[in-house]
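Structure, as C-alpha cells:
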Amino acid sequence: MTQSFDIKEVISKSTSDVAIDDLAKKGFRKVKVLNKDAINQLIADAVERVIGERMKEATQSEREQLQKDSRAEFDRMLRDQQKSEALLKDLENEFAQLEAEATRLRAELAQREQELTELRNKTMGSSDLQSIKDSIEKLHRRIGHGAAAASDYLEEGADTEFAIRAALSNTGDSAVESNVNKVEVTKKKASGVSSTLDKLRSLQKGGKG
Amino acid sequence: MKSDSDHTETERNPSGSTSKVGRGNAGNATKLALGRGLDVGTANLVSGAQDVDGNVLIKIQRNAFIDIERDDYTRNMLTRLNVQYVVIENRMVVVGDPAFELANIFNRETRRPMKDGFISPKEADAMPIEKLLLENLLGAPTQENEVCYFSVPAEPIDAERNVVYHQGVFAGLLKKLGYNPKPLVEGHAVVFAELAEDDFTGIGISCGGGMFNICVSYKSIPALTFSTSRAGDWIDRNVANVLGIKASRATAIKEKGVDIRKPRNREEEAVEIYYRNLISYTLENIKTRFESAEGMPQFPEPISIVFSGGTSLVGGFIDVCKDEFENIKFPIPVKEIRLADDPLYSVAKGCLVAALSEA
Ligand SMILES: Nc1ncnc2c1ncn2[C@@H]1O[C@H](COP(=O)(O)OP(=O)(O)OP(=O)(O)O)[C@@H](O)[C@H]1O
Ligand SMILES: [Mg+2]
C-alpha cells in the first residue's frame, strides 16, 4: 500500500549540480539548504493534505471500499499477531517439557549412581568372601600338600623347607599307574672317564694333575 | 617313537618295582661301579654310570610330558609303541621323548616340569613325573645310600630363582629312590668332565635348554660360577615368535641340522640371529663378571674355554663363538675355545666323575 521512495535518489534525479562560483556570477549571494528529513516531512504533510481533500471529495462507495480495505488489513495483521502468539506458546510449552525431562533424567542419574555405589560396596563384600574362600582353599591344599602348597609357601616367602616338604609329599608314590618301567629306555655310551678320574684323584691328593 | 643311535641298547625292569636296593647288580643286569651322576636339565634328564669295564653308560630322557585322552586302546598302543605313560588323576600322561614327538605331530606344546633351569612350582604334576623319570634313568642304587651327584644351576644373574628349593626338591626325590644325593654346580661338572688335560683349570660352560651355566675354575676349585637364563628355549621362543609357529616346532627346526654360519632359509636365519645374540650376551656377561668379581685367580697361563650342552650342538657353534670372542676384549688370555667331547653328556659325566672320585 505504502510506496516508500528514496528521497536522496529523487533529489539527485530532479536536480542539477551548479558550482558556487557560477551562482555567484549569476548574482546569487545566498543559497537555502534543505536536508533529507525536512524534505520527507514536507512530502508526508502534502500527502496527508491530499488524502484529506480526497476523502471529502470521495464517493460513498469509495469510502466504503477504503474502510473495507483497512478493516481487512487490520484483520490480517491481527491474525498474524495471533499466529505468532500461538507459536510462542508452543515453544514455551516445548521448553517446559524438555526442562521437566531433564529434571527427571537428573533424578534417575542420581538414583543410578546411588545403586552403583551400593553395588560396588556389595562387590567389595563378595571379594572379601572370595579371599576367605581362597584362604580356605589354601588350607585345603596345605593339608593335602603337593605342588600347589609348595607354590603357596614360596610365594609367601615362607621357609623354603616347608615348600620342599610340601612338594615332596605328593610324588605319586603309590597311586600312579604307569608303564614307565616296562618300556625300553634309550641307552648310550660316552667316552670313558678313567683318566679324568685318575687326574682328579692325584690333584686331590696334592700331586700334579 | 624312539631315536636311533649306534650305541642304543635297551634295558628292562620287569618288575617295574621301586625296590630300593639290589637291582643294579641283580641278575643279568650290567655290573656298575659305585657312584652315579645325574644331569638335571630343563630340556633333558641325563644319568651317567660306569660299568666295571670302565664304560660310561648314559641314559637320556626329555624332561617333558603331554596329556592325552585316557582309554584302553591308547593304553595298549602306547605300551606296544614303547611309549612311556603315567596315569595322573584320570589323565594319561606321556613322558620323555615321545611327548616331544607327539607334541609336534599334534601341533601342541609339551608341558615341562622345569623352566629356565629350575623346577616349576606352578606345574602341579611335576613331582610325580620327575620322580618317575629319575627312577627310570637311575634305577635303584647298587647299594643303599649310593652317592649320586646331581647338577644344580648356579645363581642366575638375570633372574630371581630359589636355588635352595630346586636343590631341596631333587635331593628329596633322589633320597626317595635310595640314593645319597649331593649337588654339583652345573658349570663345575663341565670342568670335571672336560678340563682334565688343563689340570681342571679354565672355563666350563654348559649351554642348556633353560640356561647357560658358567664356571671359572682353578685346579678344580670354582672361582666364579653363575648362570644366565637365556639358552635353547630362549632361542626357540624367539624364533617361534618371529616365524609365528609353536615353540616345539622351532625346537625341531633348530635341532634338525642348522649351520649358523650358513643359514639356508628364513627359518634358519632366525635361528642364526638369536644364536649370535645369545653367544655375545654370554661372553659379555663372563667378561663383566670377571672384571667385577673379587678374588679372581691370576692364571699363570692362557686358559681354555670349553662349551658343552645341547645348545652347543648346532652346526658352526664354536666358529661363531670365536667370531664373537674376537669382538670383545676378554680380560684374560685364552689359548683355546673348543667343544666338549660329548656335549650332551658332559654334565652327567662330570657328576659321575665327582661321584666316582668319592667311592
Ligand atoms: N642338534 C642340536 N642343535 C641345536 N640345539 C640342540 C640340538 N640338540 C639339542 N639342542 C638343544 O639343546 C637344549 C638342551 O640341551 P641340554 O640337554 O644340555 O639342556 P638342559 O641341561 O636340559 O637344560 P639346562 O641345563 O638349561 O637346565 C635344547 O634347547 C635343545 O633344543
Ligand atoms: Mg644342563
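Scheme for the C-alpha cells: letters A, B, ... for chains in order shown; per-chain residue numbers from 1; ligand numbers from 1 in order shown.
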* **Within 10 Å of chain B: residues of chain A, using only C-alpha atoms, as a PyMOL selection string** => chain A and resi 146-155+159-201+203-204+208-209
* Asked: If you count only C-alpha atoms and all ligand atoms, which residues end up within 9 Å of ligand 1, as a PyMOL selection string?
  -> chain B and resi 39-46+60+62-63+114-118+151-153+186+206-213+229-236+248+250-259+308-315+343-347
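Between Phe150 of chain B and the candidates B:Val190, B:Cys351, B:Leu243, B:Leu283, the tightest atom-to-atom separation, counting only C-alpha atoms, involves B:Cys351.
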* Nearby residues (only C-alpha atoms) at most 12 Å from Arg289 of chain B, same-chain spacing under 2 positions excluded, as an MDAnalysis selection string -> chainID B and resid 157 214:216 223:228 282:287 291:296 330:331
